[in-house]
Every structure is written in C-alpha cells, then in structure tokens.
Amino acid sequence: MKTNPILDRDLAAQRYASLSRRRFLRGLGACLALPAFESTFLSLAANATASSSAKDAPLRLAFVYFPNGAIQANWWPSGEGKDFNLNRTLQPLENVRNRLQILSGLDHVNATPGPDGAGDHARASGTFLTGVRVKKTAGADIHAGISIDQVVANQIGHLTRFPSLELTCDAVRKSGNCDSGYSCAYQYNLSWRSPTQPVAPEPNPRLLFERLFGAGAPGERRENLQRRQQQQRSILDFVLEDARSLQGKLGARDKQKLDEYLGSVREIEQRIERAESFGATPDPTVETPGGIPPSFEEYVQIMYDMLILAFQTDSTRIATFLLANEGSNRAFPEIGIAEGHHFLTHHRNKQEMIDKVAEIDLWYIKQFARFLEKMEGTSDQDGRSLLENSMIVYGSGNADGNRHTHVNLPVLLAGGGGSTLTGGRFLKCGGVPMSNLLLSLADRLGVSGLERHGDSTGRLAGI
C-alpha cells in the first residue's frame, strides 16, 4: 500500500503534540496540587490591617499539638484559681505565667474506643479540633468533621492573605494505614476543610517562608512573587482553554470529572483576583530560612518563628501547628533519650521509662515557652504585645499515653485574647467537652451563627 509521506509526517506531528500536551497537563496537574503553588493563590492580602488604627489590632488564634499525652503527675499544678504552683513539666512557663490558663477537665469522649476498638492515636488527633468520632477506615472513604480553625477561617479568612496556615514538623500523609485500621490522614492532619478533606500542613521552613513572603533576598521578594503570580495566571488560562476544547469530546462521566476540575481552577482564579485587590506583600528584613534542619530543636523553633512572622505581618490570623504526629516514635538524642517517644509512653509503670517521657514533655514545653516569650516581646500595632492579642491553645488529644485516655486532656490556653481572657489561673472545668472551649474561642473572633461544634454542650464560661 502506497503511503503519503507528507500526510504521515503531519499525523505523527499531531500525535506528538497531543502526547506532549497530555504530559504537560499531567505534570501541570501535579504542580497545581503542590502546597506552594496553591498557597500563592490563597494569598488574599499583603497587610490587611496596615491602614487600621492602633485600636483595631486583630485577634489571632493558633492551636499547637504535641503527641502521646503527658505524664499526669508532672503536668497538673497544685492549688487552684490564681493560687497555684506550676508542676515540674510546666515550670518553663513561669515567665509568662500571667498570660497562661491551665485548663483541667476537658474531654474528648469521641476519641475513646467505643465500638471501634484500637486506634486511639488516630482518634486523638482526628477529634482534637473537630470534636467528632472519625470513621475507622484506612481507605479513601475517610470521614471526620470540619475543624474549628476552618470554621473560623470560613468567616474571617478573607481579611488576610492566607485564610489559615497549617504547619508541621513531621511528614505529610493523607493516606495509608497508620493506626489499627485508621487512615494516616487522621494522625498527620489537624485541620479539616470538610469531613473528607484534610488540609495538609507545610513541613519545610523555606517553602513556608516563600509561601508567605516570596522567594529571594530581602528587597526582591515582592517582585518575584508578582512575576510568579503572572506566570501562574497564564498557566491557568492555558488549562482552561485546553479543557474547554475537550468538553465536546468527552462522555458524561468524564464531563463530570472535568467540570469538578474546572470548578477548582475557577476557584483559584477568584483567589488570584482577591490577592491582587490587596496591597504589596510584606517583605521582612530577615533571610529566608534553609530547608529542614537536622536538629529537631532548631526545626521546631524555626517553625514557631515562622508562625510569629505570619501573625506579626497579619498574613493570617488562624493557624495550626502539629509538632509531631499523634503516635510519633521520635527519639530525642539531644536530651539523651535514644528510645522512641511512643515506645516509652507504654511504660507499664516502670519509673525509668516514666522519667524519660516526662523529660520529653518538658522538652516540648521549653520550646513552647520560648515561643510565648517571643510573642510577649513582640509589639503589635496597638502597642500591646502580640501575645496579648492572641489565643494560643497547646495540648494533646491523648491524656495518659500509657492507658490511652481522652478525658482530662493536658490543655493550656495562652494569650490575652485582646483583653478578653483572664490569665494567671489554673481553671478546673469539671469534665466538659473540649469542643465547648473551641466554641468560646470562635466567639471571640466574631464567628456568628455557630450554635454547636462537634460534641459541644455549650460555651466554656469563665476563661
């Protein structure tokens, strides 16, 4: 059979172009899923309150999670109310004592085994900010609840460049079996945009900084970020044009998938437009941090510092920080502990193991104390401290790591809440859902129409 070399060449070129285009779009799809790319478009304001009067300093809310519970005997203070003495684990907080409320009697009964059996670590973190019983599954059918940080972000997130910020000093996982038939999504994510959609935290300090302020040296970042946004807008235009050309050639199911994808792209377009409606991006006079440092102590401290910068520049007012996944078996050679944290928490009342867990608890608190002291030493736009205008919850969804209990959780509330919180107290709450505290914090941020959250039974009074 005689062939037409010109026609053959044209067909080959078309197939090559189509294949290259598919490869490009497939790669582009991966880019669109990267946190750094998405966060550029989540940037909604450069400095949303820069022009506000001093009296209008914003209120911030952050949740800091530590894993595996705490040694109870070393955690809880003696005394009550304002007449209390910090126990050994909390001693590093003495310098910020007046900004601190230690809250006992907060429970998460939806994290208890119930009919679900083993899997307390996954339930502990999955329930911490949602207040719901997460579905026991290691498959794609995960189901938790919207977390309180995202409830708040849905109402006030438009006021800042980032509706919320999620940080971690651990891996990022959304799938796999991590705890007795529970998905890793529950253990590695504190924040949930919807019952089926966790919000992946950022583990890399450099990428986090570049998401907030752009790449490059001080003085270069704004221009670099603007250039990147322009490039990404061009990419989105290309994707939309190519997708529209496919619509008439797809079956019904593929059209539905394409419509869902286009909906996501249009949402990104809207975020770009909102970002462009704000002023210039802040450009702190600090060097961009490197990647993940080899020292865990330095790692944690850098991420705390990133959180302070995000609040100080009003890049966001809502944040979650997962220090390590619930069930973390990290060793702590920096304090002479070679065994894994989770392993040690199953101490079976062996004093040597208990003492090592207590040292790890103390180590985490020392890092938190450093963070609070830096917050207290940072002036806000109204002349008060950044800590005075913040509400910082520090806690774990496990109480006793040896027995895997979820009542009387180790929880601290730091900050002045814009002069709405009364610090310097040990408050005994008497066995109520932790969700009651979450509701009370949301109220202070101006969230309206929220009658319940998770298993709440009301507001937590007296804080």
# chains A, B, ... in the order shown; residues from 1 in each chain; ligands from 1
>>> residues_around(residues="stretch 289-294 of chain A", least_positions_apart="6", cutoff="6 Å", atoms="only C-alpha atoms", output="JSON, numbers by chain")
{"A": [204, 205, 206]}
>>> write_last_selection(atoms="all heavy atoms", output="CSV table (one decimal), in the first residue's frame")
chain,number,residue,atom,x,y,z
A,204,ASN,N,8.2,22.3,55.5
A,204,ASN,CA,9.5,22.9,55.1
A,204,ASN,C,9.6,24.4,55.5
A,204,ASN,O,8.8,25.1,54.9
A,204,ASN,CB,9.8,22.6,53.6
A,204,ASN,CG,11.2,23.0,53.2
A,204,ASN,OD1,11.6,24.1,53.5
A,204,ASN,ND2,11.8,22.1,52.6
A,205,PRO,N,10.5,24.8,56.4
A,205,PRO,CA,10.5,26.2,56.7
A,205,PRO,C,10.8,27.1,55.6
A,205,PRO,O,10.2,28.2,55.5
A,205,PRO,CB,11.7,26.3,57.7
A,205,PRO,CG,11.8,24.9,58.2
A,205,PRO,CD,11.4,24.0,57.1
A,206,ARG,N,11.6,26.7,54.6
A,206,ARG,CA,11.9,27.6,53.5
A,206,ARG,C,10.7,27.8,52.6
A,206,ARG,O,10.3,28.9,52.2
A,206,ARG,CB,13.1,27.0,52.7
A,206,ARG,CG,13.4,27.9,51.4
A,206,ARG,CD,14.6,27.3,50.7
A,206,ARG,NE,14.3,26.0,50.1
A,206,ARG,CZ,13.6,25.7,49.0
A,206,ARG,NH1,13.1,26.8,48.3
A,206,ARG,NH2,13.3,24.5,48.6
>>> select_by_dssp(residues="stretch 298-395 of chain A", states="strand (DSSP E or B)", output="PyMOL selection string")
chain A and resi 318-322+332+337+379+385+390-395
>>> residues_around(residues="stretch 54-65 of chain A", least_positions_apart="2", cutoff="7 Å", atoms="only C-alpha atoms", output="list in words")
Ser52, Pro67, Arg317, Ile318, Ala319, Thr320, Phe321, Leu322, Leu323, Gln381, Asp382, Asn389, Ser390, Met391, Ile392, Val393, Tyr394, Gly395, Ser396, Gly417, Gly418 and Leu445 of chain A
>>> write_last_selection(atoms="C-alpha atoms", output="mmCIF file, in the first residue's frame")
data_model
loop_
_atom_site.group_PDB
_atom_site.id
_atom_site.type_symbol
_atom_site.label_atom_id
_atom_site.label_comp_id
_atom_site.auth_asym_id
_atom_site.auth_seq_id
_atom_site.Cartn_x
_atom_site.Cartn_y
_atom_site.Cartn_z
ATOM 1 C CA SER A 52 -6.121 50.280 60.517
ATOM 2 C CA PRO A 67 1.791 13.875 70.660
ATOM 3 C CA ARG A 317 -4.974 35.113 61.890
ATOM 4 C CA ILE A 318 -5.674 31.398 62.099
ATOM 5 C CA ALA A 319 -3.042 28.645 62.391
ATOM 6 C CA THR A 320 -2.482 25.059 63.422
ATOM 7 C CA PHE A 321 0.894 23.574 64.290
ATOM 8 C CA LEU A 322 1.352 19.800 64.547
ATOM 9 C CA LEU A 323 4.668 19.354 66.360
ATOM 10 C CA GLN A 381 0.262 47.676 66.030
ATOM 11 C CA ASP A 382 -1.726 48.877 69.049
ATOM 12 C CA ASN A 389 -3.769 39.968 71.060
ATOM 13 C CA SER A 390 -3.641 36.196 70.551
ATOM 14 C CA MET A 391 -5.204 32.982 71.804
ATOM 15 C CA ILE A 392 -2.829 30.017 71.703
ATOM 16 C CA VAL A 393 -4.076 26.548 72.613
ATOM 17 C CA TYR A 394 -1.402 23.969 73.432
ATOM 18 C CA GLY A 395 -2.492 20.416 74.053
ATOM 19 C CA SER A 396 -2.818 16.762 73.128
ATOM 20 C CA GLY A 417 -7.426 37.274 73.628
ATOM 21 C CA GLY A 418 -7.459 41.012 73.021
ATOM 22 C CA LEU A 445 -13.055 36.056 66.794
#
>>> select_by_dssp(residues="stretch 225-457 of chain A", states="helix (DSSP H, G or I)", output="CSV table (one decimal) with C-alpha atoms, in the first residue's frame")
chain,number,residue,atom,x,y,z
A,225,LEU,CA,6.1,36.9,43.9
A,226,GLN,CA,4.3,39.1,41.4
A,227,ARG,CA,6.2,37.5,38.5
A,228,ARG,CA,5.3,34.1,39.7
A,229,GLN,CA,1.6,35.0,40.1
A,230,GLN,CA,1.6,36.3,36.5
A,231,GLN,CA,3.1,33.1,35.2
A,232,GLN,CA,0.6,31.0,37.1
A,233,ARG,CA,-2.3,33.1,35.8
A,234,SER,CA,-1.0,32.3,32.3
A,235,ILE,CA,-0.9,28.7,33.1
A,236,LEU,CA,-4.4,28.7,34.4
A,237,ASP,CA,-5.6,30.4,31.2
A,238,PHE,CA,-3.9,27.7,29.2
A,239,VAL,CA,-5.5,25.0,31.2
A,240,LEU,CA,-9.0,26.5,30.9
A,241,GLU,CA,-8.6,26.9,27.1
A,242,ASP,CA,-7.4,23.3,26.6
A,243,ALA,CA,-10.1,21.9,28.9
A,244,ARG,CA,-12.9,23.8,27.1
A,245,SER,CA,-11.7,22.3,23.8
A,246,LEU,CA,-12.1,18.8,25.3
A,247,GLN,CA,-15.6,19.3,26.7
A,252,ALA,CA,-20.9,12.0,30.6
A,253,ARG,CA,-18.7,10.7,33.4
A,254,ASP,CA,-15.6,12.4,32.1
A,255,LYS,CA,-17.5,15.6,31.6
A,256,GLN,CA,-18.5,15.5,35.3
A,257,LYS,CA,-14.8,15.0,36.3
A,258,LEU,CA,-13.8,17.8,34.1
A,259,ASP,CA,-16.5,20.1,35.5
A,260,GLU,CA,-15.2,19.4,39.0
A,261,TYR,CA,-11.7,20.2,37.9
A,262,LEU,CA,-12.7,23.4,36.2
A,263,GLY,CA,-14.5,24.4,39.3
A,264,SER,CA,-11.3,24.1,41.2
A,265,VAL,CA,-9.4,26.1,38.6
A,266,ARG,CA,-12.1,28.9,38.7
A,267,GLU,CA,-11.8,29.0,42.5
A,268,ILE,CA,-8.0,29.6,42.1
A,269,GLU,CA,-8.8,32.3,39.6
A,270,GLN,CA,-11.0,34.0,42.1
A,271,ARG,CA,-8.3,33.8,44.7
A,272,ILE,CA,-5.8,35.4,42.4
A,273,GLU,CA,-8.2,38.3,41.8
A,274,ARG,CA,-8.7,38.7,45.6
A,275,ALA,CA,-5.0,38.6,46.2
A,276,GLU,CA,-4.5,41.3,43.6
A,296,PHE,CA,14.7,18.8,65.8
A,297,GLU,CA,15.1,21.6,68.3
A,298,GLU,CA,16.1,24.1,65.7
A,299,TYR,CA,13.4,22.7,63.4
A,300,VAL,CA,10.6,23.4,66.0
A,301,GLN,CA,12.0,26.8,66.9
A,302,ILE,CA,12.2,27.9,63.2
A,303,MET,CA,8.6,26.9,62.6
A,304,TYR,CA,7.5,28.7,65.8
A,305,ASP,CA,9.3,31.8,64.4
A,306,MET,CA,7.5,31.4,61.1
A,307,LEU,CA,4.2,31.5,63.0
A,308,ILE,CA,5.2,34.7,64.8
A,309,LEU,CA,6.1,36.3,61.5
A,310,ALA,CA,2.8,35.3,59.9
A,311,PHE,CA,0.9,36.8,62.8
A,312,GLN,CA,3.1,39.9,63.0
A,333,PRO,CA,19.2,12.2,71.5
A,334,GLU,CA,19.6,15.9,72.2
A,335,ILE,CA,18.4,15.2,75.7
A,341,HIS,CA,8.6,8.6,72.3
A,342,HIS,CA,5.6,6.3,71.6
A,343,PHE,CA,7.5,3.3,72.8
A,344,LEU,CA,8.3,5.0,76.1
A,345,THR,CA,4.8,6.1,76.8
A,351,GLN,CA,9.8,4.5,86.6
A,352,GLU,CA,12.8,4.8,84.3
A,353,MET,CA,10.5,5.0,81.3
A,354,ILE,CA,8.1,7.4,83.0
A,355,ASP,CA,11.0,9.7,83.8
A,356,LYS,CA,12.1,9.7,80.1
A,357,VAL,CA,8.6,10.5,78.9
A,358,ALA,CA,8.5,13.4,81.5
A,359,GLU,CA,11.8,14.7,80.1
A,360,ILE,CA,10.2,14.7,76.6
A,361,ASP,CA,7.2,16.5,77.9
A,362,LEU,CA,9.4,19.1,79.5
A,363,TRP,CA,11.4,19.5,76.2
A,364,TYR,CA,8.3,20.3,74.3
A,365,ILE,CA,7.2,22.8,76.9
A,366,LYS,CA,10.5,24.5,76.8
A,367,GLN,CA,10.1,25.2,73.1
A,368,PHE,CA,6.6,26.4,73.6
A,369,ALA,CA,7.7,28.7,76.4
A,370,ARG,CA,10.4,30.2,74.1
A,371,PHE,CA,7.6,30.9,71.5
A,372,LEU,CA,5.3,32.6,74.1
A,373,GLU,CA,8.1,34.7,75.4
A,374,LYS,CA,8.9,35.9,71.9
A,375,MET,CA,5.3,36.6,71.3
A,376,GLU,CA,5.2,38.6,74.5
A,434,MET,CA,-13.2,20.4,74.8
A,435,SER,CA,-15.5,21.5,72.0
A,436,ASN,CA,-17.0,23.9,74.5
A,437,LEU,CA,-13.6,25.7,74.6
A,438,LEU,CA,-13.4,25.8,70.8
A,439,LEU,CA,-16.8,27.4,70.6
A,440,SER,CA,-15.8,30.1,73.2
A,441,LEU,CA,-12.7,30.9,71.2
A,442,ALA,CA,-14.6,31.2,67.9
A,443,ASP,CA,-17.0,33.6,69.6
A,444,ARG,CA,-14.1,36.0,70.4
>>> residues_around(residues="A:Thr130", least_positions_apart="5", cutoff="10 Å", atoms="only C-alpha atoms", output="JSON, numbers by chain")
{"A": [108, 110, 125, 144, 145, 146, 147, 148, 149, 150, 151, 190, 191, 192, 194, 195, 434, 435, 438, 453, 454, 455]}
>>> write_last_selection(atoms="C-alpha atoms", output="CSV table (one decimal), in the first residue's frame")
chain,number,residue,atom,x,y,z
A,108,HIS,CA,-12.9,14.3,74.0
A,110,ASN,CA,-15.4,10.8,70.7
A,125,SER,CA,-5.7,13.9,66.7
A,144,ALA,CA,-14.0,13.3,60.2
A,145,GLY,CA,-15.6,16.8,60.6
A,146,ILE,CA,-14.7,20.4,59.7
A,147,SER,CA,-12.2,21.6,62.3
A,148,ILE,CA,-12.8,24.8,64.3
A,149,ASP,CA,-9.9,26.6,62.7
A,150,GLN,CA,-11.6,26.2,59.3
A,151,VAL,CA,-14.9,27.2,60.7
A,190,LEU,CA,-5.1,18.7,62.5
A,191,SER,CA,-7.0,20.9,60.1
A,192,TRP,CA,-10.0,19.6,58.1
A,194,SER,CA,-14.6,19.3,55.2
A,195,PRO,CA,-15.3,15.9,56.7
A,434,MET,CA,-13.2,20.4,74.8
A,435,SER,CA,-15.5,21.5,72.0
A,438,LEU,CA,-13.4,25.8,70.8
A,453,HIS,CA,-19.3,22.3,67.2
A,454,GLY,CA,-18.6,18.6,67.4
A,455,ASP,CA,-20.0,17.3,70.7
>>> atom_distance(atom1="atom CA of A:Ser456", atom2="atom CA of A:Phe128")
12.4 Å
>>> residues_around(residues="A:Asp83", least_positions_apart="4", cutoff="9 Å", atoms="only C-alpha atoms", output="list in words")
Ser78, Gly79, Gly424, Arg425 and Phe426 of chain A
>>> residues_around(residues="stretch 86-88 of chain A", least_positions_apart="5", cutoff="6 Å", atoms="only C-alpha atoms", output="list in words")
Asn74, Trp75 and Pro77 of chain A
>>> write_last_selection(atoms="all heavy atoms", output="short mmCIF file (atom, residue, chain, number, x, y, z; two decimals), in the first residue's frame")
data_model
loop_
_atom_site.label_atom_id
_atom_site.label_comp_id
_atom_site.auth_asym_id
_atom_site.auth_seq_id
_atom_site.Cartn_x
_atom_site.Cartn_y
_atom_site.Cartn_z
N ASN A 74 3.34 14.96 86.62
CA ASN A 74 4.28 16.07 86.43
C ASN A 74 3.64 17.28 85.74
O ASN A 74 4.27 18.32 85.61
CB ASN A 74 5.48 15.62 85.60
CG ASN A 74 6.41 14.71 86.37
OD1 ASN A 74 5.97 13.97 87.24
ND2 ASN A 74 7.69 14.76 86.07
N TRP A 75 2.42 17.12 85.28
CA TRP A 75 1.77 18.15 84.48
C TRP A 75 0.93 19.10 85.32
O TRP A 75 1.09 20.31 85.28
CB TRP A 75 0.91 17.51 83.40
CG TRP A 75 0.15 18.48 82.54
CD1 TRP A 75 -1.07 19.03 82.80
CD2 TRP A 75 0.56 19.03 81.28
NE1 TRP A 75 -1.46 19.88 81.80
CE2 TRP A 75 -0.46 19.90 80.85
CE3 TRP A 75 1.69 18.87 80.48
CZ2 TRP A 75 -0.39 20.60 79.64
CZ3 TRP A 75 1.76 19.56 79.29
CH2 TRP A 75 0.74 20.42 78.88
N PRO A 77 -0.80 21.45 88.03
CA PRO A 77 -0.31 22.27 89.15
C PRO A 77 -0.98 21.86 90.47
O PRO A 77 -1.97 21.14 90.49
CB PRO A 77 -0.75 23.69 88.76
CG PRO A 77 -1.13 23.62 87.31
CD PRO A 77 -1.59 22.22 87.08
#
>>> residues_around(residues="A:Gly119", least_positions_apart="5", cutoff="12 Å", atoms="only C-alpha atoms", output="list in words")
Ala111, Thr112, Pro113, Gly114, Ala124, Ser125, Gly126, Arg133, Val134, Lys135, Lys136, Thr137, Ala138, Asn177, Cys178, Asp179, Ser180, Gly181, Tyr182, Ser183, Cys184, Tyr186, Gln187, Glu326, Gly327, Asn398, His404 and Thr405 of chain A
>>> write_last_selection(atoms="C-alpha atoms", output="compact mmCIF listing (two decimals), in the first residue's frame")
# COMPACT_ATOMS: atom_id res chain seq x y z
CA ALA A 111 -11.74 9.76 70.84
CA THR A 112 -12.43 6.88 73.26
CA PRO A 113 -12.60 3.37 71.76
CA GLY A 114 -16.35 2.84 71.98
CA ALA A 124 -6.99 11.58 69.40
CA SER A 125 -5.71 13.91 66.70
CA GLY A 126 -8.65 13.42 64.35
CA ARG A 133 -15.80 10.47 66.07
CA VAL A 134 -13.73 9.83 62.96
CA LYS A 135 -14.63 6.93 60.71
CA LYS A 136 -12.48 3.86 61.18
CA THR A 137 -11.08 3.24 57.74
CA ALA A 138 -7.71 3.04 56.08
CA ASN A 177 -2.97 2.56 57.32
CA CYS A 178 -1.26 4.20 60.31
CA ASP A 179 -3.10 3.05 63.41
CA SER A 180 -5.03 -0.22 63.74
CA GLY A 181 -7.14 0.30 60.63
CA TYR A 182 -7.28 4.11 60.73
CA SER A 183 -6.01 6.22 57.85
CA CYS A 184 -2.82 8.21 58.26
CA TYR A 186 -6.20 11.38 60.90
CA GLN A 187 -2.77 11.34 62.54
CA GLU A 326 -0.02 11.54 67.24
CA GLY A 327 1.79 8.28 67.99
CA ASN A 398 -4.29 11.85 74.50
CA HIS A 404 -4.70 5.92 76.02
CA THR A 405 -7.23 8.04 77.88
>>> atom_distance(atom1="atom CA of A:Pro201", atom2="atom CA of A:Glu166")
4.4 Å
